[in-house]
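S.K.: Input final_15.cif, format and content: mmCIF, N, CA and C atoms.
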```
data_coords
#
loop_
_atom_site.group_PDB
_atom_site.id
_atom_site.type_symbol
_atom_site.label_atom_id
_atom_site.label_comp_id
_atom_site.auth_asym_id
_atom_site.auth_seq_id
_atom_site.Cartn_x
_atom_site.Cartn_y
_atom_site.Cartn_z
ATOM 1 N N MET S 28 112.782 100.208 58.808
ATOM 2 C CA MET S 28 112.974 99.959 57.391
ATOM 3 C C MET S 28 111.858 100.639 56.616
ATOM 4 N N LYS S 29 112.248 101.505 55.709
ATOM 5 C CA LYS S 29 111.264 102.204 54.906
ATOM 6 C C LYS S 29 110.845 101.316 53.741
ATOM 7 N N LEU S 30 109.530 101.235 53.559
ATOM 8 C CA LEU S 30 109.013 100.387 52.494
ATOM 9 C C LEU S 30 109.033 101.122 51.163
ATOM 10 N N LYS S 31 109.434 100.403 50.133
ATOM 11 C CA LYS S 31 109.366 100.944 48.783
ATOM 12 C C LYS S 31 108.053 100.496 48.169
ATOM 13 N N THR S 32 107.588 101.241 47.215
ATOM 14 C CA THR S 32 106.339 100.835 46.577
ATOM 15 C C THR S 32 106.599 99.665 45.650
ATOM 16 N N GLY S 33 105.685 98.777 45.622
ATOM 17 C CA GLY S 33 105.840 97.603 44.775
ATOM 18 C C GLY S 33 104.799 96.562 45.124
ATOM 19 N N ARG S 34 104.884 95.430 44.444
ATOM 20 C CA ARG S 34 103.870 94.395 44.621
ATOM 21 C C ARG S 34 103.979 93.694 45.965
ATOM 22 N N HIS S 35 105.174 93.543 46.509
ATOM 23 C CA HIS S 35 105.347 92.756 47.720
ATOM 24 C C HIS S 35 105.429 93.602 48.991
ATOM 25 N N THR S 36 105.016 94.850 48.930
ATOM 26 C CA THR S 36 105.043 95.721 50.096
ATOM 27 C C THR S 36 104.194 95.146 51.224
ATOM 28 N N SER S 37 103.012 94.674 50.874
ATOM 29 C CA SER S 37 102.117 94.138 51.900
ATOM 30 C C SER S 37 102.681 92.856 52.500
ATOM 31 N N ALA S 38 103.405 92.079 51.706
ATOM 32 C CA ALA S 38 104.012 90.848 52.221
ATOM 33 C C ALA S 38 105.096 91.178 53.242
ATOM 34 N N ILE S 39 105.872 92.216 52.982
ATOM 35 C CA ILE S 39 106.917 92.631 53.911
ATOM 36 C C ILE S 39 106.285 93.092 55.224
ATOM 37 N N LYS S 40 105.223 93.878 55.104
ATOM 38 C CA LYS S 40 104.526 94.346 56.296
ATOM 39 C C LYS S 40 103.943 93.183 57.085
ATOM 40 N N GLU S 41 103.368 92.237 56.378
ATOM 41 C CA GLU S 41 102.723 91.096 57.040
ATOM 42 C C GLU S 41 103.741 90.232 57.782
ATOM 43 N N THR S 42 104.923 90.025 57.199
ATOM 44 C CA THR S 42 105.948 89.245 57.905
ATOM 45 C C THR S 42 106.412 89.974 59.154
ATOM 46 N N ARG S 43 106.501 91.297 59.074
ATOM 47 C CA ARG S 43 106.888 92.082 60.238
ATOM 48 C C ARG S 43 105.841 91.944 61.353
ATOM 49 N N LYS S 44 104.578 92.011 60.971
ATOM 50 C CA LYS S 44 103.497 91.875 61.946
ATOM 51 C C LYS S 44 103.460 90.472 62.553
ATOM 52 N N SER S 45 103.684 89.457 61.713
ATOM 53 C CA SER S 45 103.607 88.088 62.224
ATOM 54 C C SER S 45 104.758 87.787 63.184
ATOM 55 N N LYS S 46 105.934 88.361 62.939
ATOM 56 C CA LYS S 46 107.054 88.180 63.871
ATOM 57 C C LYS S 46 106.728 88.795 65.228
ATOM 58 N N LYS S 47 106.121 89.975 65.193
ATOM 59 C CA LYS S 47 105.753 90.652 66.430
ATOM 60 C C LYS S 47 104.692 89.843 67.183
ATOM 61 N N ARG S 48 103.681 89.359 66.471
ATOM 62 C CA ARG S 48 102.626 88.551 67.085
ATOM 63 C C ARG S 48 103.181 87.260 67.662
ATOM 64 N N ASN S 49 104.138 86.648 66.948
ATOM 65 C CA ASN S 49 104.735 85.400 67.396
ATOM 66 C C ASN S 49 105.463 85.604 68.728
ATOM 67 N N LYS S 50 106.197 86.706 68.860
ATOM 68 C CA LYS S 50 106.887 87.006 70.115
ATOM 69 C C LYS S 50 105.892 87.127 71.264
ATOM 70 N N ILE S 51 104.815 87.874 71.027
ATOM 71 C CA ILE S 51 103.813 88.090 72.068
ATOM 72 C C ILE S 51 103.148 86.778 72.453
ATOM 73 N N ASN S 52 102.800 85.963 71.459
ATOM 74 C CA ASN S 52 102.143 84.685 71.721
ATOM 75 C C ASN S 52 103.055 83.743 72.502
ATOM 76 N N MET S 53 104.337 83.729 72.176
ATOM 77 C CA MET S 53 105.263 82.857 72.889
ATOM 78 C C MET S 53 105.424 83.304 74.340
ATOM 79 N N ILE S 54 105.418 84.600 74.587
ATOM 80 C CA ILE S 54 105.496 85.110 75.954
ATOM 81 C C ILE S 54 104.284 84.637 76.752
ATOM 82 N N ILE S 55 103.103 84.752 76.161
ATOM 83 C CA ILE S 55 101.876 84.333 76.845
ATOM 84 C C ILE S 55 101.900 82.836 77.117
ATOM 85 N N LYS S 56 102.295 82.041 76.123
ATOM 86 C CA LYS S 56 102.341 80.586 76.298
ATOM 87 C C LYS S 56 103.338 80.183 77.381
ATOM 88 N N ASN S 57 104.503 80.823 77.403
ATOM 89 C CA ASN S 57 105.512 80.491 78.407
ATOM 90 C C ASN S 57 105.045 80.855 79.813
ATOM 91 N N ARG S 58 104.330 81.976 79.957
ATOM 92 C CA ARG S 58 103.799 82.349 81.265
ATOM 93 C C ARG S 58 102.789 81.321 81.747
ATOM 94 N N ILE S 59 101.946 80.864 80.831
ATOM 95 C CA ILE S 59 100.935 79.864 81.189
ATOM 96 C C ILE S 59 101.619 78.562 81.600
ATOM 97 N N LYS S 60 102.645 78.159 80.863
ATOM 98 C CA LYS S 60 103.364 76.923 81.202
ATOM 99 C C LYS S 60 103.983 77.001 82.590
ATOM 100 N N THR S 61 104.590 78.140 82.924
ATOM 101 C CA THR S 61 105.203 78.258 84.246
ATOM 102 C C THR S 61 104.148 78.257 85.347
ATOM 103 N N LEU S 62 102.994 78.882 85.093
ATOM 104 C CA LEU S 62 101.926 78.857 86.090
ATOM 105 C C LEU S 62 101.406 77.440 86.306
ATOM 106 N N ILE S 63 101.298 76.671 85.229
ATOM 107 C CA ILE S 63 100.843 75.283 85.350
ATOM 108 C C ILE S 63 101.851 74.465 86.152
ATOM 109 N N LYS S 64 103.145 74.681 85.900
ATOM 110 C CA LYS S 64 104.172 73.977 86.676
ATOM 111 C C LYS S 64 104.073 74.334 88.153
ATOM 112 N N LYS S 65 103.834 75.613 88.448
ATOM 113 C CA LYS S 65 103.742 76.046 89.835
ATOM 114 C C LYS S 65 102.550 75.413 90.539
ATOM 115 N N ILE S 66 101.403 75.325 89.858
ATOM 116 C CA ILE S 66 100.234 74.732 90.503
ATOM 117 C C ILE S 66 100.441 73.238 90.704
ATOM 118 N N LYS S 67 101.151 72.581 89.787
ATOM 119 C CA LYS S 67 101.435 71.152 89.965
ATOM 120 C C LYS S 67 102.357 70.931 91.158
ATOM 121 N N GLU S 68 103.350 71.780 91.325
ATOM 122 C CA GLU S 68 104.229 71.689 92.491
ATOM 123 C C GLU S 68 103.443 71.963 93.777
ATOM 124 N N TYR S 69 102.552 72.935 93.723
ATOM 125 C CA TYR S 69 101.740 73.272 94.887
ATOM 126 C C TYR S 69 100.870 72.089 95.291
ATOM 127 N N VAL S 70 100.263 71.434 94.309
ATOM 128 C CA VAL S 70 99.399 70.283 94.585
ATOM 129 C C VAL S 70 100.217 69.145 95.175
ATOM 130 N N LYS S 71 101.430 68.963 94.669
ATOM 131 C CA LYS S 71 102.283 67.886 95.173
ATOM 132 C C LYS S 71 102.666 68.126 96.634
ATOM 133 N N ASP S 72 102.916 69.390 96.998
ATOM 134 C CA ASP S 72 103.371 69.712 98.348
ATOM 135 C C ASP S 72 102.238 69.819 99.366
ATOM 136 N N ASN S 73 101.074 70.329 98.945
ATOM 137 C CA ASN S 73 99.973 70.585 99.875
ATOM 138 C C ASN S 73 98.790 69.677 99.561
ATOM 139 N N ASN S 74 98.144 69.192 100.614
ATOM 140 C CA ASN S 74 97.012 68.291 100.429
ATOM 141 C C ASN S 74 95.674 68.920 100.746
ATOM 142 N N ASP S 75 95.639 70.180 101.111
ATOM 143 C CA ASP S 75 94.374 70.807 101.468
ATOM 144 C C ASP S 75 93.952 71.825 100.406
ATOM 145 N N ASN S 76 92.652 72.054 100.305
ATOM 146 C CA ASN S 76 92.118 73.026 99.340
ATOM 147 C C ASN S 76 91.953 74.369 100.050
ATOM 148 N N ASN S 77 93.039 75.089 100.242
ATOM 149 C CA ASN S 77 92.932 76.358 100.931
ATOM 150 C C ASN S 77 92.797 77.513 99.944
ATOM 151 N N LYS S 78 92.670 78.723 100.481
ATOM 152 C CA LYS S 78 92.411 79.894 99.644
ATOM 153 C C LYS S 78 93.555 80.197 98.684
ATOM 154 N N VAL S 79 94.779 79.960 99.120
ATOM 155 C CA VAL S 79 95.938 80.257 98.266
ATOM 156 C C VAL S 79 95.902 79.391 97.013
ATOM 157 N N GLY S 80 95.620 78.112 97.187
ATOM 158 C CA GLY S 80 95.548 77.212 96.045
ATOM 159 C C GLY S 80 94.413 77.561 95.109
ATOM 160 N N LEU S 81 93.266 77.923 95.679
ATOM 161 C CA LEU S 81 92.126 78.304 94.840
ATOM 162 C C LEU S 81 92.400 79.591 94.068
ATOM 163 N N GLU S 82 93.117 80.512 94.705
ATOM 164 C CA GLU S 82 93.473 81.748 94.005
ATOM 165 C C GLU S 82 94.419 81.463 92.846
ATOM 166 N N LYS S 83 95.388 80.578 93.078
ATOM 167 C CA LYS S 83 96.319 80.211 92.008
ATOM 168 C C LYS S 83 95.581 79.540 90.859
ATOM 169 N N LEU S 84 94.647 78.663 91.206
ATOM 170 C CA LEU S 84 93.882 77.954 90.193
ATOM 171 C C LEU S 84 93.019 78.924 89.383
ATOM 172 N N SER S 85 92.358 79.856 90.067
ATOM 173 C CA SER S 85 91.524 80.819 89.344
ATOM 174 C C SER S 85 92.372 81.756 88.491
ATOM 175 N N ASP S 86 93.592 82.063 88.948
ATOM 176 C CA ASP S 86 94.501 82.906 88.174
ATOM 177 C C ASP S 86 94.902 82.202 86.872
ATOM 178 N N ILE S 87 95.211 80.914 86.977
ATOM 179 C CA ILE S 87 95.570 80.162 85.783
ATOM 180 C C ILE S 87 94.378 80.067 84.831
ATOM 181 N N PHE S 88 93.195 79.845 85.388
ATOM 182 C CA PHE S 88 92.000 79.750 84.549
ATOM 183 C C PHE S 88 91.748 81.050 83.793
ATOM 184 N N SER S 89 91.934 82.180 84.459
ATOM 185 C CA SER S 89 91.705 83.457 83.787
ATOM 186 C C SER S 89 92.740 83.699 82.692
ATOM 187 N N LYS S 90 94.002 83.309 82.959
ATOM 188 C CA LYS S 90 95.041 83.465 81.927
ATOM 189 C C LYS S 90 94.742 82.572 80.717
ATOM 190 N N LEU S 91 94.280 81.346 80.990
ATOM 191 C CA LEU S 91 93.938 80.435 79.897
ATOM 192 C C LEU S 91 92.768 80.978 79.090
ATOM 193 N N ASP S 92 91.751 81.499 79.773
ATOM 194 C CA ASP S 92 90.594 82.054 79.069
ATOM 195 C C ASP S 92 90.982 83.252 78.209
ATOM 196 N N ARG S 93 91.879 84.073 78.740
ATOM 197 C CA ARG S 93 92.327 85.233 77.985
ATOM 198 C C ARG S 93 93.107 84.809 76.739
ATOM 199 N N ALA S 94 93.934 83.780 76.892
ATOM 200 C CA ALA S 94 94.698 83.273 75.743
ATOM 201 C C ALA S 94 93.757 82.692 74.692
ATOM 202 N N SER S 95 92.696 82.049 75.145
ATOM 203 C CA SER S 95 91.715 81.491 74.223
ATOM 204 C C SER S 95 90.972 82.606 73.494
ATOM 205 N N LYS S 96 90.636 83.648 74.230
ATOM 206 C CA LYS S 96 89.900 84.766 73.644
ATOM 207 C C LYS S 96 90.726 85.483 72.576
ATOM 208 N N LYS S 97 92.037 85.575 72.805
ATOM 209 C CA LYS S 97 92.915 86.258 71.851
ATOM 210 C C LYS S 97 93.475 85.323 70.782
ATOM 211 N N ASN S 98 92.962 84.104 70.736
ATOM 212 C CA ASN S 98 93.370 83.097 69.743
ATOM 213 C C ASN S 98 94.843 82.727 69.828
ATOM 214 N N VAL S 99 95.413 82.803 71.022
ATOM 215 C CA VAL S 99 96.767 82.318 71.231
ATOM 216 C C VAL S 99 96.720 80.806 71.363
ATOM 217 N N LEU S 100 95.721 80.313 72.097
ATOM 218 C CA LEU S 100 95.487 78.882 72.251
ATOM 219 C C LEU S 100 94.085 78.558 71.747
ATOM 220 N N HIS S 101 93.913 77.339 71.260
ATOM 221 C CA HIS S 101 92.609 76.913 70.769
ATOM 222 C C HIS S 101 91.661 76.698 71.940
ATOM 223 N N ASN S 102 90.375 76.918 71.706
ATOM 224 C CA ASN S 102 89.371 76.796 72.768
ATOM 225 C C ASN S 102 89.360 75.400 73.387
ATOM 226 N N ASN S 103 89.441 74.363 72.553
ATOM 227 C CA ASN S 103 89.408 72.996 73.073
ATOM 228 C C ASN S 103 90.650 72.687 73.900
ATOM 229 N N THR S 104 91.791 73.214 73.515
ATOM 230 C CA THR S 104 93.021 73.019 74.271
ATOM 231 C C THR S 104 92.885 73.637 75.654
ATOM 232 N N VAL S 105 92.314 74.830 75.694
ATOM 233 C CA VAL S 105 92.143 75.525 76.966
ATOM 234 C C VAL S 105 91.185 74.761 77.865
ATOM 235 N N SER S 106 90.080 74.290 77.324
ATOM 236 C CA SER S 106 89.116 73.567 78.161
ATOM 237 C C SER S 106 89.702 72.256 78.659
ATOM 238 N N LYS S 107 90.521 71.612 77.820
ATOM 239 C CA LYS S 107 91.186 70.367 78.224
ATOM 240 C C LYS S 107 92.159 70.629 79.371
ATOM 241 N N GLN S 108 92.953 71.688 79.262
ATOM 242 C CA GLN S 108 93.917 72.012 80.309
ATOM 243 C C GLN S 108 93.224 72.397 81.609
ATOM 244 N N LYS S 109 92.137 73.150 81.499
ATOM 245 C CA LYS S 109 91.398 73.544 82.696
ATOM 246 C C LYS S 109 90.810 72.323 83.402
ATOM 247 N N ALA S 110 90.281 71.381 82.622
ATOM 248 C CA ALA S 110 89.704 70.171 83.209
ATOM 249 C C ALA S 110 90.780 69.339 83.906
ATOM 250 N N LYS S 111 91.948 69.214 83.278
ATOM 251 C CA LYS S 111 93.040 68.452 83.885
ATOM 252 C C LYS S 111 93.499 69.084 85.192
ATOM 253 N N LEU S 112 93.638 70.420 85.188
ATOM 254 C CA LEU S 112 94.087 71.106 86.393
ATOM 255 C C LEU S 112 93.059 71.010 87.514
ATOM 256 N N ALA S 113 91.791 71.143 87.174
ATOM 257 C CA ALA S 113 90.745 71.044 88.192
ATOM 258 C C ALA S 113 90.702 69.632 88.776
ATOM 259 N N LYS S 114 90.835 68.638 87.921
ATOM 260 C CA LYS S 114 90.847 67.247 88.386
ATOM 261 C C LYS S 114 92.042 67.006 89.295
ATOM 262 N N LEU S 115 93.205 67.512 88.900
ATOM 263 C CA LEU S 115 94.408 67.368 89.704
ATOM 264 C C LEU S 115 94.259 68.049 91.064
ATOM 265 N N PHE S 116 93.646 69.229 91.050
ATOM 266 C CA PHE S 116 93.531 70.025 92.266
ATOM 267 C C PHE S 116 92.511 69.442 93.246
ATOM 268 N N TYR S 117 91.363 69.028 92.741
ATOM 269 C CA TYR S 117 90.286 68.597 93.623
ATOM 270 C C TYR S 117 90.316 67.105 93.962
ATOM 271 N N ASN S 118 90.955 66.274 93.159
ATOM 272 C CA ASN S 118 90.943 64.838 93.399
ATOM 273 C C ASN S 118 92.244 64.303 93.984
ATOM 274 N N ARG S 119 92.871 65.056 94.854
ATOM 275 C CA ARG S 119 94.102 64.561 95.474
ATOM 276 C C ARG S 119 93.789 63.963 96.829
ATOM 277 N N LYS S 120 94.674 63.094 97.268
ATOM 278 C CA LYS S 120 94.421 62.404 98.540
ATOM 279 C C LYS S 120 95.576 62.596 99.496
#
```
Rewrite the coordinates I just gave you, this time as structure tokens.

M.R.:
Amino acid sequence: MKLKTGRHTSAIKETRKSKKRNKINMIIKNRIKTLIKKIKEYVKDNNDNNKVGLEKLSDIFSKLDRASKKNVLHNNTVSKQKAKLAKLFYNRK
């Protein structure tokens, strides 16, 4: 869409940018949600702290940190989720 000159040109551009950002943010959030579901299933099925589980946990932590850095998720939300996952992973019986 070619922009015409006028007062609301920047508003049109901004809505276009925000739609694009929203798509990207939703993709990142959905990936994080599926990873969290996978680690919860893994914890439910396995009772040992082996390398595979630790790798999955560190992968989720890095994705959460990246989302926090890019302002997709709030810093406090990320730290809360990381604490819950670590507690779930290490305090199972």

S.K.: Please, what distance in Å, to one decimal, runs between atom CA of S:Phe88 and atom CA of S:Arg58?

M.R.: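 These atoms are spaced 12.5 Å apart.
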
S.K.: Taking every listed atom of stretch 85-94 of chain S and adding 8 Å to each side, what centre and edge lengths in Å (one decimal) does the axis-aligned box have, as AutoDock Vina command-line options?

M.R.:
```
--center_x 93.1 --center_y 82.5 --center_z 82.4 --size_x 21.0 --size_y 21.5 --size_z 31.4
```

S.K.: For the provided coordinates, the residues matched by the PyMOL selection byres (((chain S and resi 70-85 and name CA) around 9) and name CA) should be stated as a list in words.

M.R.: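 On the file shown, the PyMOL selection byres (((chain S and resi 70-85 and name CA) around 9) and name CA) covers Leu62, Ile63, Lys65, Ile66, Lys67, Glu68, Tyr69, Asp86, Ile87, Phe88, Ser89, Lys90, Leu112, Ala113, Leu115, Phe116, Tyr117, Arg119 and Lys120 of chain S.
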
S.K.: For S:Lys97, list every protein, DNA or RNA residue within 12 Å, evaluated using only C-alpha atoms, and leave out those in the same chain fewer than 5 positions away; present the list as a count of residues only.

M.R.: 10

S.K.: How many Å separate atom CA of S:Ile59 from atom CA of S:Ser106?

M.R.: 13.7 Å

S.K.: Go ahead and compute the interatomic distance for atom N of S:Met53 and atom C of S:Gln108, in Å to one decimal.

M.R.: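 Distance between the two atoms: 18.5 Å.
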